$ cat target_16.pdb   # PDB, N, CA and C atoms
MODEL        1
ATOM      1  N   MET L1031     105.149  79.606 117.162
ATOM      2  CA  MET L1031     104.429  80.536 118.027
ATOM      3  C   MET L1031     102.996  80.639 117.526
ATOM      4  N   SER L1032     102.056  80.524 118.383
ATOM      5  CA  SER L1032     100.662  80.687 118.022
ATOM      6  C   SER L1032     100.249  82.106 118.375
ATOM      7  N   ALA L1033      99.985  82.894 117.357
ATOM      8  CA  ALA L1033      99.635  84.294 117.585
ATOM      9  C   ALA L1033      98.137  84.483 117.419
ATOM     10  N   PRO L1034      97.564  85.367 118.201
ATOM     11  CA  PRO L1034      96.144  85.637 118.036
ATOM     12  C   PRO L1034      95.894  86.324 116.691
ATOM     13  N   ARG L1035      94.779  86.038 116.102
ATOM     14  CA  ARG L1035      94.388  86.712 114.851
ATOM     15  C   ARG L1035      93.699  87.999 115.256
ATOM     16  N   ARG L1036      93.791  89.008 114.622
ATOM     17  CA  ARG L1036      93.076  90.256 114.894
ATOM     18  C   ARG L1036      93.672  91.056 116.034
ATOM     19  N   SER L1037      94.926  91.353 115.934
ATOM     20  CA  SER L1037      95.553  92.226 116.925
ATOM     21  C   SER L1037      95.219  93.682 116.631
ATOM     22  N   GLY L1038      95.128  94.009 115.357
ATOM     23  CA  GLY L1038      94.835  95.385 114.956
ATOM     24  C   GLY L1038      93.349  95.681 115.081
ATOM     25  N   PRO L1039      93.002  96.906 115.438
ATOM     26  CA  PRO L1039      91.587  97.259 115.566
ATOM     27  C   PRO L1039      90.904  97.288 114.193
ATOM     28  N   PRO L1040      89.600  97.039 114.144
ATOM     29  CA  PRO L1040      88.873  97.079 112.871
ATOM     30  C   PRO L1040      89.123  98.394 112.135
ATOM     31  N   GLY L1041      89.348  98.282 110.841
ATOM     32  CA  GLY L1041      89.561  99.471 110.015
ATOM     33  C   GLY L1041      90.988  99.966 110.002
ATOM     34  N   SER L1042      91.864  99.371 110.818
ATOM     35  CA  SER L1042      93.249  99.837 110.873
ATOM     36  C   SER L1042      94.066  99.219 109.745
ATOM     37  N   PHE L1043      95.190  99.820 109.453
ATOM     38  CA  PHE L1043      96.112  99.261 108.472
ATOM     39  C   PHE L1043      96.581  97.889 108.929
ATOM     40  N   GLN L1044      96.864  97.745 110.215
ATOM     41  CA  GLN L1044      97.315  96.464 110.745
ATOM     42  C   GLN L1044      96.264  95.391 110.483
ATOM     43  N   ARG L1045      94.999  95.687 110.676
ATOM     44  CA  ARG L1045      93.935  94.716 110.422
ATOM     45  C   ARG L1045      93.878  94.364 108.932
ATOM     46  N   LEU L1046      94.062  95.352 108.072
ATOM     47  CA  LEU L1046      94.086  95.089 106.635
ATOM     48  C   LEU L1046      95.185  94.089 106.296
ATOM     49  N   ILE L1047      96.379  94.309 106.824
ATOM     50  CA  ILE L1047      97.501  93.407 106.563
ATOM     51  C   ILE L1047      97.217  92.030 107.152
ATOM     52  N   GLU L1048      96.593  91.970 108.323
ATOM     53  CA  GLU L1048      96.203  90.675 108.898
ATOM     54  C   GLU L1048      95.237  89.937 107.975
ATOM     55  N   ASP L1049      94.241  90.660 107.473
ATOM     56  CA  ASP L1049      93.248  90.032 106.603
ATOM     57  C   ASP L1049      93.883  89.460 105.337
ATOM     58  N   VAL L1050      94.856  90.164 104.797
ATOM     59  CA  VAL L1050      95.481  89.746 103.542
ATOM     60  C   VAL L1050      96.535  88.662 103.762
ATOM     61  N   TYR L1051      97.368  88.794 104.786
ATOM     62  CA  TYR L1051      98.575  87.967 104.894
ATOM     63  C   TYR L1051      98.727  87.130 106.165
ATOM     64  N   PHE L1052      97.831  87.255 107.148
ATOM     65  CA  PHE L1052      98.119  86.659 108.448
ATOM     66  C   PHE L1052      98.410  85.159 108.398
ATOM     67  N   ASP L1053      97.611  84.394 107.663
ATOM     68  CA  ASP L1053      97.822  82.940 107.644
ATOM     69  C   ASP L1053      99.208  82.593 107.126
ATOM     70  N   ARG L1054      99.620  83.251 106.049
ATOM     71  CA  ARG L1054     100.947  83.003 105.473
ATOM     72  C   ARG L1054     102.041  83.445 106.443
ATOM     73  N   ASP L1055     101.866  84.614 107.053
ATOM     74  CA  ASP L1055     102.877  85.133 107.979
ATOM     75  C   ASP L1055     102.981  84.270 109.228
ATOM     76  N   ALA L1056     101.846  83.784 109.735
ATOM     77  CA  ALA L1056     101.859  82.931 110.921
ATOM     78  C   ALA L1056     102.563  81.612 110.620
ATOM     79  N   ALA L1057     102.359  81.079 109.417
ATOM     80  CA  ALA L1057     103.028  79.833 109.043
ATOM     81  C   ALA L1057     104.541  80.034 108.945
ATOM     82  N   ARG L1058     104.973  81.208 108.484
ATOM     83  CA  ARG L1058     106.403  81.525 108.377
ATOM     84  C   ARG L1058     106.996  81.724 109.761
ATOM     85  N   GLY L1059     106.214  82.293 110.674
ATOM     86  CA  GLY L1059     106.661  82.555 112.030
ATOM     87  C   GLY L1059     107.387  83.880 112.155
ATOM     88  N   ALA L1060     107.563  84.290 113.400
ATOM     89  CA  ALA L1060     108.211  85.578 113.676
ATOM     90  C   ALA L1060     109.662  85.627 113.214
ATOM     91  N   PRO L1061     110.476  84.584 113.415
ATOM     92  CA  PRO L1061     111.874  84.675 112.977
ATOM     93  C   PRO L1061     112.011  84.880 111.462
ATOM     94  N   GLY L1062     111.244  84.139 110.673
ATOM     95  CA  GLY L1062     111.298  84.313 109.223
ATOM     96  C   GLY L1062     110.743  85.656 108.790
ATOM     97  N   THR L1063     109.697  86.101 109.450
ATOM     98  CA  THR L1063     109.099  87.390 109.127
ATOM     99  C   THR L1063     110.050  88.526 109.477
ATOM    100  N   LEU L1064     110.779  88.374 110.560
ATOM    101  CA  LEU L1064     111.764  89.379 110.943
ATOM    102  C   LEU L1064     112.823  89.549 109.852
ATOM    103  N   LEU L1065     113.243  88.472 109.238
ATOM    104  CA  LEU L1065     114.220  88.569 108.142
ATOM    105  C   LEU L1065     113.659  89.359 106.963
ATOM    106  N   TRP L1066     112.404  89.126 106.622
ATOM    107  CA  TRP L1066     111.775  89.896 105.539
ATOM    108  C   TRP L1066     111.709  91.383 105.914
ATOM    109  N   PHE L1067     111.347  91.669 107.159
ATOM    110  CA  PHE L1067     111.272  93.062 107.621
ATOM    111  C   PHE L1067     112.628  93.749 107.477
ATOM    112  N   VAL L1068     113.674  93.091 107.934
ATOM    113  CA  VAL L1068     115.019  93.675 107.867
ATOM    114  C   VAL L1068     115.429  93.911 106.411
ATOM    115  N   GLU L1069     115.089  92.984 105.538
ATOM    116  CA  GLU L1069     115.391  93.172 104.117
ATOM    117  C   GLU L1069     114.685  94.408 103.566
ATOM    118  N   GLU L1070     113.428  94.589 103.941
ATOM    119  CA  GLU L1070     112.682  95.763 103.464
ATOM    120  C   GLU L1070     113.249  97.065 104.038
ATOM    121  N   VAL L1071     113.694  97.029 105.295
ATOM    122  CA  VAL L1071     114.334  98.215 105.869
ATOM    123  C   VAL L1071     115.588  98.550 105.060
ATOM    124  N   GLY L1072     116.355  97.538 104.688
ATOM    125  CA  GLY L1072     117.534  97.764 103.855
ATOM    126  C   GLY L1072     117.185  98.399 102.523
ATOM    127  N   GLU L1073     116.099  97.954 101.901
ATOM    128  CA  GLU L1073     115.668  98.545 100.630
ATOM    129  C   GLU L1073     115.241  99.995 100.824
ATOM    130  N   LEU L1074     114.602 100.295 101.951
ATOM    131  CA  LEU L1074     114.216 101.679 102.245
ATOM    132  C   LEU L1074     115.447 102.548 102.437
ATOM    133  N   VAL L1075     116.412 102.045 103.183
ATOM    134  CA  VAL L1075     117.663 102.791 103.399
ATOM    135  C   VAL L1075     118.328 103.092 102.061
ATOM    136  N   ARG L1076     118.383 102.106 101.201
ATOM    137  CA  ARG L1076     119.006 102.286  99.890
ATOM    138  C   ARG L1076     118.262 103.350  99.077
ATOM    139  N   ALA L1077     116.947 103.311  99.086
ATOM    140  CA  ALA L1077     116.166 104.299  98.339
ATOM    141  C   ALA L1077     116.384 105.713  98.884
ATOM    142  N   ILE L1078     116.486 105.832 100.209
ATOM    143  CA  ILE L1078     116.731 107.152 100.818
ATOM    144  C   ILE L1078     118.126 107.642 100.450
ATOM    145  N   ARG L1079     119.109 106.787 100.594
ATOM    146  CA  ARG L1079     120.497 107.188 100.312
ATOM    147  C   ARG L1079     120.694 107.561  98.851
ATOM    148  N   ARG L1080     120.003 106.867  97.963
ATOM    149  CA  ARG L1080     120.136 107.133  96.525
ATOM    150  C   ARG L1080     119.180 108.216  96.041
ATOM    151  N   LYS L1081     118.386 108.749  96.980
ATOM    152  CA  LYS L1081     117.406 109.788  96.661
ATOM    153  C   LYS L1081     116.456 109.337  95.548
ATOM    154  N   GLU L1082     115.997 108.081  95.652
ATOM    155  CA  GLU L1082     115.077 107.501  94.677
ATOM    156  C   GLU L1082     113.641 107.842  95.069
ATOM    157  N   GLN L1083     113.273 109.072  94.825
ATOM    158  CA  GLN L1083     111.988 109.602  95.262
ATOM    159  C   GLN L1083     110.813 108.727  94.826
ATOM    160  N   ARG L1084     110.851 108.216  93.610
ATOM    161  CA  ARG L1084     109.733 107.412  93.108
ATOM    162  C   ARG L1084     109.619 106.080  93.847
ATOM    163  N   ASN L1085     110.694 105.589  94.413
ATOM    164  CA  ASN L1085     110.700 104.308  95.087
ATOM    165  C   ASN L1085     110.374 104.422  96.585
ATOM    166  N   LEU L1086     110.464 105.616  97.137
ATOM    167  CA  LEU L1086     110.273 105.787  98.582
ATOM    168  C   LEU L1086     108.897 105.340  99.057
ATOM    169  N   GLU L1087     107.857 105.718  98.347
ATOM    170  CA  GLU L1087     106.503 105.374  98.775
ATOM    171  C   GLU L1087     106.335 103.858  98.868
ATOM    172  N   GLU L1088     106.822 103.138  97.870
ATOM    173  CA  GLU L1088     106.727 101.681  97.892
ATOM    174  C   GLU L1088     107.498 101.089  99.062
ATOM    175  N   GLU L1089     108.717 101.568  99.285
ATOM    176  CA  GLU L1089     109.549 101.005 100.348
ATOM    177  C   GLU L1089     109.006 101.345 101.734
ATOM    178  N   PHE L1090     108.512 102.567 101.933
ATOM    179  CA  PHE L1090     107.888 102.903 103.216
ATOM    180  C   PHE L1090     106.670 102.009 103.450
ATOM    181  N   GLY L1091     105.876 101.791 102.413
ATOM    182  CA  GLY L1091     104.713 100.922 102.530
ATOM    183  C   GLY L1091     105.093  99.502 102.910
ATOM    184  N   ASP L1092     106.155  98.982 102.277
ATOM    185  CA  ASP L1092     106.601  97.625 102.596
ATOM    186  C   ASP L1092     107.078  97.519 104.044
ATOM    187  N   VAL L1093     107.860  98.487 104.491
ATOM    188  CA  VAL L1093     108.362  98.458 105.874
ATOM    189  C   VAL L1093     107.200  98.535 106.860
ATOM    190  N   TYR L1094     106.244  99.394 106.576
ATOM    191  CA  TYR L1094     105.074  99.551 107.449
ATOM    192  C   TYR L1094     104.277  98.246 107.518
ATOM    193  N   ALA L1095     104.097  97.598 106.378
ATOM    194  CA  ALA L1095     103.335  96.349 106.339
ATOM    195  C   ALA L1095     104.035  95.249 107.132
ATOM    196  N   TRP L1096     105.352  95.116 106.940
ATOM    197  CA  TRP L1096     106.082  94.074 107.664
ATOM    198  C   TRP L1096     106.137  94.368 109.157
ATOM    199  N   LEU L1097     106.221  95.642 109.545
ATOM    200  CA  LEU L1097     106.185  95.999 110.960
ATOM    201  C   LEU L1097     104.828  95.641 111.560
ATOM    202  N   ALA L1098     103.754  95.923 110.826
ATOM    203  CA  ALA L1098     102.413  95.562 111.289
ATOM    204  C   ALA L1098     102.300  94.054 111.456
ATOM    205  N   THR L1099     102.865  93.306 110.515
ATOM    206  CA  THR L1099     102.836  91.849 110.598
ATOM    207  C   THR L1099     103.572  91.351 111.834
ATOM    208  N   LEU L1100     104.747  91.907 112.098
ATOM    209  CA  LEU L1100     105.498  91.489 113.291
ATOM    210  C   LEU L1100     104.713  91.774 114.562
ATOM    211  N   ALA L1101     104.065  92.921 114.629
ATOM    212  CA  ALA L1101     103.247  93.238 115.802
ATOM    213  C   ALA L1101     102.112  92.227 115.940
ATOM    214  N   SER L1102     101.465  91.901 114.835
ATOM    215  CA  SER L1102     100.362  90.936 114.873
ATOM    216  C   SER L1102     100.834  89.563 115.332
ATOM    217  N   LEU L1103     101.982  89.134 114.832
ATOM    218  CA  LEU L1103     102.498  87.824 115.220
ATOM    219  C   LEU L1103     102.825  87.750 116.714
ATOM    220  N   HIS L1104     103.024  88.909 117.323
ATOM    221  CA  HIS L1104     103.282  88.958 118.764
ATOM    222  C   HIS L1104     102.025  89.343 119.552
ATOM    223  N   GLY L1105     100.884  89.418 118.855
ATOM    224  CA  GLY L1105      99.619  89.711 119.526
ATOM    225  C   GLY L1105      99.494  91.139 120.012
ATOM    226  N   LEU L1106     100.178  92.064 119.330
ATOM    227  CA  LEU L1106     100.193  93.459 119.763
ATOM    228  C   LEU L1106      99.474  94.368 118.779
ATOM    229  N   ASP L1107      98.808  95.382 119.292
ATOM    230  CA  ASP L1107      98.136  96.400 118.497
ATOM    231  C   ASP L1107      99.122  97.550 118.302
ATOM    232  N   LEU L1108      99.634  97.687 117.095
ATOM    233  CA  LEU L1108     100.674  98.675 116.802
ATOM    234  C   LEU L1108     100.219 100.104 117.109
ATOM    235  N   GLU L1109      98.992 100.439 116.774
ATOM    236  CA  GLU L1109      98.457 101.775 117.049
ATOM    237  C   GLU L1109      98.421 102.051 118.548
ATOM    238  N   ALA L1110      97.944 101.076 119.326
ATOM    239  CA  ALA L1110      97.862 101.253 120.777
ATOM    240  C   ALA L1110      99.249 101.417 121.389
ATOM    241  N   ILE L1111     100.211 100.666 120.878
ATOM    242  CA  ILE L1111     101.585 100.782 121.380
ATOM    243  C   ILE L1111     102.119 102.192 121.147
ATOM    244  N   GLY L1112     101.923 102.690 119.938
ATOM    245  CA  GLY L1112     102.403 104.036 119.610
ATOM    246  C   GLY L1112     101.745 105.105 120.456
ATOM    247  N   ARG L1113     100.448 104.990 120.622
ATOM    248  CA  ARG L1113      99.732 105.989 121.430
ATOM    249  C   ARG L1113     100.122 105.907 122.898
ATOM    250  N   LYS L1114     100.346 104.695 123.406
ATOM    251  CA  LYS L1114     100.742 104.539 124.806
ATOM    252  C   LYS L1114     102.085 105.214 125.054
ATOM    253  N   LYS L1115     103.020 105.027 124.133
ATOM    254  CA  LYS L1115     104.358 105.573 124.348
ATOM    255  C   LYS L1115     104.447 107.063 124.039
ATOM    256  N   TYR L1116     103.767 107.524 122.975
ATOM    257  CA  TYR L1116     103.946 108.894 122.507
ATOM    258  C   TYR L1116     102.689 109.760 122.609
ATOM    259  N   GLY L1117     101.589 109.204 123.098
ATOM    260  CA  GLY L1117     100.322 109.932 123.137
ATOM    261  C   GLY L1117     100.325 111.176 124.002
ATOM    262  N   ALA L1118     101.152 111.213 125.019
ATOM    263  CA  ALA L1118     101.211 112.376 125.913
ATOM    264  C   ALA L1118     102.381 113.289 125.569
ATOM    265  N   GLY L1119     102.980 113.070 124.398
ATOM    266  CA  GLY L1119     104.132 113.879 123.998
ATOM    267  C   GLY L1119     105.412 113.068 124.102
ATOM    268  N   CYS L1120     106.512 113.761 124.183
ATOM    269  CA  CYS L1120     107.817 113.107 124.284
ATOM    270  C   CYS L1120     107.851 112.238 125.535
ATOM    271  N   PRO L1121     108.275 110.974 125.408
ATOM    272  CA  PRO L1121     108.326 110.108 126.592
ATOM    273  C   PRO L1121     109.281 110.593 127.680
ATOM    274  N   ARG L1122     110.272 111.397 127.317
ATOM    275  CA  ARG L1122     111.232 111.893 128.322
ATOM    276  C   ARG L1122     110.757 113.177 128.992
ATOM    277  N   CYS L1123     110.315 114.151 128.187
ATOM    278  CA  CYS L1123     109.973 115.460 128.776
ATOM    279  C   CYS L1123     108.472 115.741 128.783
ATOM    280  N   ALA L1124     107.681 114.892 128.136
ATOM    281  CA  ALA L1124     106.220 115.019 128.046
ATOM    282  C   ALA L1124     105.754 116.251 127.290
ATOM    283  N   ALA L1125     106.643 116.920 126.577
ATOM    284  CA  ALA L1125     106.258 118.108 125.822
ATOM    285  C   ALA L1125     105.960 117.747 124.367
ATOM    286  N   THR L1126     105.077 118.555 123.755
ATOM    287  CA  THR L1126     104.795 118.478 122.330
ATOM    288  C   THR L1126     104.848 119.894 121.782
ATOM    289  N   PRO L1127     105.838 120.208 120.941
ATOM    290  CA  PRO L1127     106.922 119.351 120.492
ATOM    291  C   PRO L1127     107.940 119.099 121.611
ATOM    292  N   CYS L1128     108.777 118.116 121.388
ATOM    293  CA  CYS L1128     109.797 117.732 122.367
ATOM    294  C   CYS L1128     110.654 118.929 122.757
ATOM    295  N   ALA L1129     110.887 119.066 124.066
ATOM    296  CA  ALA L1129     111.713 120.157 124.581
ATOM    297  C   ALA L1129     113.026 119.654 125.169
ATOM    298  N   CYS L1130     113.344 118.386 124.934
ATOM    299  CA  CYS L1130     114.601 117.841 125.437
ATOM    300  C   CYS L1130     115.768 118.565 124.783
ATOM    301  N   PRO L1131     116.843 118.755 125.524
ATOM    302  CA  PRO L1131     118.007 119.396 124.908
ATOM    303  C   PRO L1131     118.565 118.499 123.799
ATOM    304  N   HIS L1132     118.950 119.134 122.726
ATOM    305  CA  HIS L1132     119.552 118.392 121.606
ATOM    306  C   HIS L1132     120.979 118.019 121.957
ATOM    307  N   PRO L1133     121.435 116.862 121.503
ATOM    308  CA  PRO L1133     122.849 116.543 121.748
ATOM    309  C   PRO L1133     123.720 117.523 120.988
ATOM    310  N   PRO L1134     124.891 117.816 121.526
ATOM    311  CA  PRO L1134     125.779 118.758 120.828
ATOM    312  C   PRO L1134     126.226 118.183 119.495
ATOM    313  N   THR L1135     126.347 119.050 118.518
ATOM    314  CA  THR L1135     126.842 118.613 117.208
ATOM    315  C   THR L1135     128.332 118.842 117.164
ATOM    316  N   THR L1136     129.037 117.827 116.730
ATOM    317  CA  THR L1136     130.502 117.947 116.617
ATOM    318  C   THR L1136     130.945 117.566 115.245
TER
ENDMDL
END
$ encode --input "target_16.pdb" --output "structure tokens"
Amino acid sequence: MSAPRRSGPPGSFQRLIEDVYFDRDAARGAPGTLLWFVEEVGELVRAIRRKEQRNLEEEFGDVYAWLATLASLHGLDLEAIGRKKYGAGCPRCAATPCACPHPPTT
């Protein structure tokens, strides 16, 4: 897949990750990068479940970086996507904070 360089806006975290890693990530491709992302999500889950407070910052950072990379490889601006979907509030009820009924707890 040939992905455009510079999907993230100047000064964004996504652009920083593109500047540092884009050539390597593009050579690996989206399928290989997706595997790395999933592995990092697993490490984050493990840190949360084990309450490894000191490790959380690193794992959140890794997941965020790999997510930014996946967006870049698909030519998408992660910030714009988030704002488009959530910028007006909850996508279902449009309220901020969300006013959707909570599912019943059982």
$ select_by_dssp --input "target_16.pdb" --residues "chain L" --states "helix (DSSP H, G or I)" --output "PyMOL selection string"
chain L and resi 1043-1079+1083-1103+1108-1116
$ atom_distance --input "target_16.pdb" --atom1 "atom N of L:Arg1058" --atom2 "atom C of L:Gly1112"
26.9 Å
$ closest_residue --input "target_16.pdb" --among "L:Thr1063, L:Leu1074, L:Ala1098, L:Glu1089" --to "L:Glu1048" --atoms "only N, CA and C atoms"
L:Ala1098
$ atom_distance --input "target_16.pdb" --atom1 "atom CA of L:Arg1036" --atom2 "atom CA of L:Asp1049"
8.3 Å
$ closest_residue --input "target_16.pdb" --among "L:Pro1039, L:Arg1080, L:Val1071, L:Pro1061" --to "L:Glu1109" --atoms "all atoms listed in the file"
L:Pro1039
$ resolve_selection --input "target_16.pdb" --expression "the PyMOL selection byres ((chain L and resi 1102) around 8)" --output "list of chain:residue names"
L:Ala1033, L:Pro1034, L:Arg1035, L:Arg1036, L:Ser1037, L:Gly1038, L:Gln1044, L:Glu1048, L:Phe1052, L:Trp1096, L:Leu1097, L:Ala1098, L:Thr1099, L:Leu1100, L:Ala1101, L:Leu1103, L:His1104, L:Gly1105, L:Leu1106, L:Asp1107, L:Leu1108
$ write_last_selection --input "target_16.pdb" --atoms "N, CA and C atoms" --output "mmCIF file, keeping the file's coordinate frame"
data_model
loop_
_atom_site.group_PDB
_atom_site.id
_atom_site.type_symbol
_atom_site.label_atom_id
_atom_site.label_comp_id
_atom_site.auth_asym_id
_atom_site.auth_seq_id
_atom_site.Cartn_x
_atom_site.Cartn_y
_atom_site.Cartn_z
ATOM 1 N N ALA L 1033 99.985 82.894 117.357
ATOM 2 C CA ALA L 1033 99.635 84.294 117.585
ATOM 3 C C ALA L 1033 98.137 84.483 117.419
ATOM 4 N N PRO L 1034 97.564 85.367 118.201
ATOM 5 C CA PRO L 1034 96.144 85.637 118.036
ATOM 6 C C PRO L 1034 95.894 86.324 116.691
ATOM 7 N N ARG L 1035 94.779 86.038 116.102
ATOM 8 C CA ARG L 1035 94.388 86.712 114.851
ATOM 9 C C ARG L 1035 93.699 87.999 115.256
ATOM 10 N N ARG L 1036 93.791 89.008 114.622
ATOM 11 C CA ARG L 1036 93.076 90.256 114.894
ATOM 12 C C ARG L 1036 93.672 91.056 116.034
ATOM 13 N N SER L 1037 94.926 91.353 115.934
ATOM 14 C CA SER L 1037 95.553 92.226 116.925
ATOM 15 C C SER L 1037 95.219 93.682 116.631
ATOM 16 N N GLY L 1038 95.128 94.009 115.357
ATOM 17 C CA GLY L 1038 94.835 95.385 114.956
ATOM 18 C C GLY L 1038 93.349 95.681 115.081
ATOM 19 N N GLN L 1044 96.864 97.745 110.215
ATOM 20 C CA GLN L 1044 97.315 96.464 110.745
ATOM 21 C C GLN L 1044 96.264 95.391 110.483
ATOM 22 N N GLU L 1048 96.593 91.970 108.323
ATOM 23 C CA GLU L 1048 96.203 90.675 108.898
ATOM 24 C C GLU L 1048 95.237 89.937 107.975
ATOM 25 N N PHE L 1052 97.831 87.255 107.148
ATOM 26 C CA PHE L 1052 98.119 86.659 108.448
ATOM 27 C C PHE L 1052 98.410 85.159 108.398
ATOM 28 N N TRP L 1096 105.352 95.116 106.940
ATOM 29 C CA TRP L 1096 106.082 94.074 107.664
ATOM 30 C C TRP L 1096 106.137 94.368 109.157
ATOM 31 N N LEU L 1097 106.221 95.642 109.545
ATOM 32 C CA LEU L 1097 106.185 95.999 110.960
ATOM 33 C C LEU L 1097 104.828 95.641 111.560
ATOM 34 N N ALA L 1098 103.754 95.923 110.826
ATOM 35 C CA ALA L 1098 102.413 95.562 111.289
ATOM 36 C C ALA L 1098 102.300 94.054 111.456
ATOM 37 N N THR L 1099 102.865 93.306 110.515
ATOM 38 C CA THR L 1099 102.836 91.849 110.598
ATOM 39 C C THR L 1099 103.572 91.351 111.834
ATOM 40 N N LEU L 1100 104.747 91.907 112.098
ATOM 41 C CA LEU L 1100 105.498 91.489 113.291
ATOM 42 C C LEU L 1100 104.713 91.774 114.562
ATOM 43 N N ALA L 1101 104.065 92.921 114.629
ATOM 44 C CA ALA L 1101 103.247 93.238 115.802
ATOM 45 C C ALA L 1101 102.112 92.227 115.940
ATOM 46 N N LEU L 1103 101.982 89.134 114.832
ATOM 47 C CA LEU L 1103 102.498 87.824 115.220
ATOM 48 C C LEU L 1103 102.825 87.750 116.714
ATOM 49 N N HIS L 1104 103.024 88.909 117.323
ATOM 50 C CA HIS L 1104 103.282 88.958 118.764
ATOM 51 C C HIS L 1104 102.025 89.343 119.552
ATOM 52 N N GLY L 1105 100.884 89.418 118.855
ATOM 53 C CA GLY L 1105 99.619 89.711 119.526
ATOM 54 C C GLY L 1105 99.494 91.139 120.012
ATOM 55 N N LEU L 1106 100.178 92.064 119.330
ATOM 56 C CA LEU L 1106 100.193 93.459 119.763
ATOM 57 C C LEU L 1106 99.474 94.368 118.779
ATOM 58 N N ASP L 1107 98.808 95.382 119.292
ATOM 59 C CA ASP L 1107 98.136 96.400 118.497
ATOM 60 C C ASP L 1107 99.122 97.550 118.302
ATOM 61 N N LEU L 1108 99.634 97.687 117.095
ATOM 62 C CA LEU L 1108 100.674 98.675 116.802
ATOM 63 C C LEU L 1108 100.219 100.104 117.109
#
$ atom_distance --input "target_16.pdb" --atom1 "atom CA of L:Asp1053" --atom2 "atom CA of L:Ala1095"
14.6 Å
$ axis_aligned_box --input "target_16.pdb" --around "stretch 1095-1098 of chain L" --padding-each-side "5 Å" --output "lines of an AutoDock Vina configuration file"
center_x = 104.3
center_y = 95.8
center_z = 108.9
size_x = 13.9
size_y = 13.5
size_z = 15.2
$ decode --input "target_16.pdb" --residues "stretch 1037-1051 of chain L" --atoms "N, CA and C atoms" --output "tab-separated table (two decimals), in the first residue's frame"
chain	number	residue	atom	x	y	z
L	1037	SER	N	0.03	12.78	6.95
L	1037	SER	CA	-1.42	12.77	7.19
L	1037	SER	C	-1.76	13.65	8.38
L	1038	GLY	N	-0.89	13.66	9.36
L	1038	GLY	CA	-1.13	14.46	10.57
L	1038	GLY	C	-0.80	15.92	10.33
L	1039	PRO	N	-1.54	16.82	10.95
L	1039	PRO	CA	-1.27	18.25	10.77
L	1039	PRO	C	0.05	18.64	11.43
L	1040	PRO	N	0.71	19.68	10.93
L	1040	PRO	CA	1.97	20.14	11.53
L	1040	PRO	C	1.81	20.37	13.03
L	1041	GLY	N	2.80	19.91	13.78
L	1041	GLY	CA	2.79	20.10	15.23
L	1041	GLY	C	2.01	19.05	15.99
L	1042	SER	N	1.33	18.15	15.28
L	1042	SER	CA	0.53	17.13	15.96
L	1042	SER	C	1.40	15.96	16.38
L	1043	PHE	N	0.91	15.18	17.31
L	1043	PHE	CA	1.60	13.96	17.71
L	1043	PHE	C	1.73	13.02	16.52
L	1044	GLN	N	0.68	12.92	15.72
L	1044	GLN	CA	0.71	12.05	14.55
L	1044	GLN	C	1.84	12.47	13.62
L	1045	ARG	N	2.03	13.75	13.39
L	1045	ARG	CA	3.11	14.23	12.53
L	1045	ARG	C	4.47	13.88	13.14
L	1046	LEU	N	4.60	14.01	14.45
L	1046	LEU	CA	5.84	13.64	15.11
L	1046	LEU	C	6.18	12.18	14.84
L	1047	ILE	N	5.20	11.30	15.01
L	1047	ILE	CA	5.41	9.87	14.78
L	1047	ILE	C	5.72	9.62	13.31
L	1048	GLU	N	5.07	10.34	12.40
L	1048	GLU	CA	5.40	10.21	10.97
L	1048	GLU	C	6.85	10.60	10.71
L	1049	ASP	N	7.28	11.71	11.29
L	1049	ASP	CA	8.64	12.18	11.08
L	1049	ASP	C	9.68	11.16	11.56
L	1050	VAL	N	9.39	10.52	12.68
L	1050	VAL	CA	10.34	9.58	13.27
L	1050	VAL	C	10.29	8.21	12.60
L	1051	TYR	N	9.10	7.70	12.30
L	1051	TYR	CA	8.95	6.28	11.93
L	1051	TYR	C	8.30	5.99	10.58
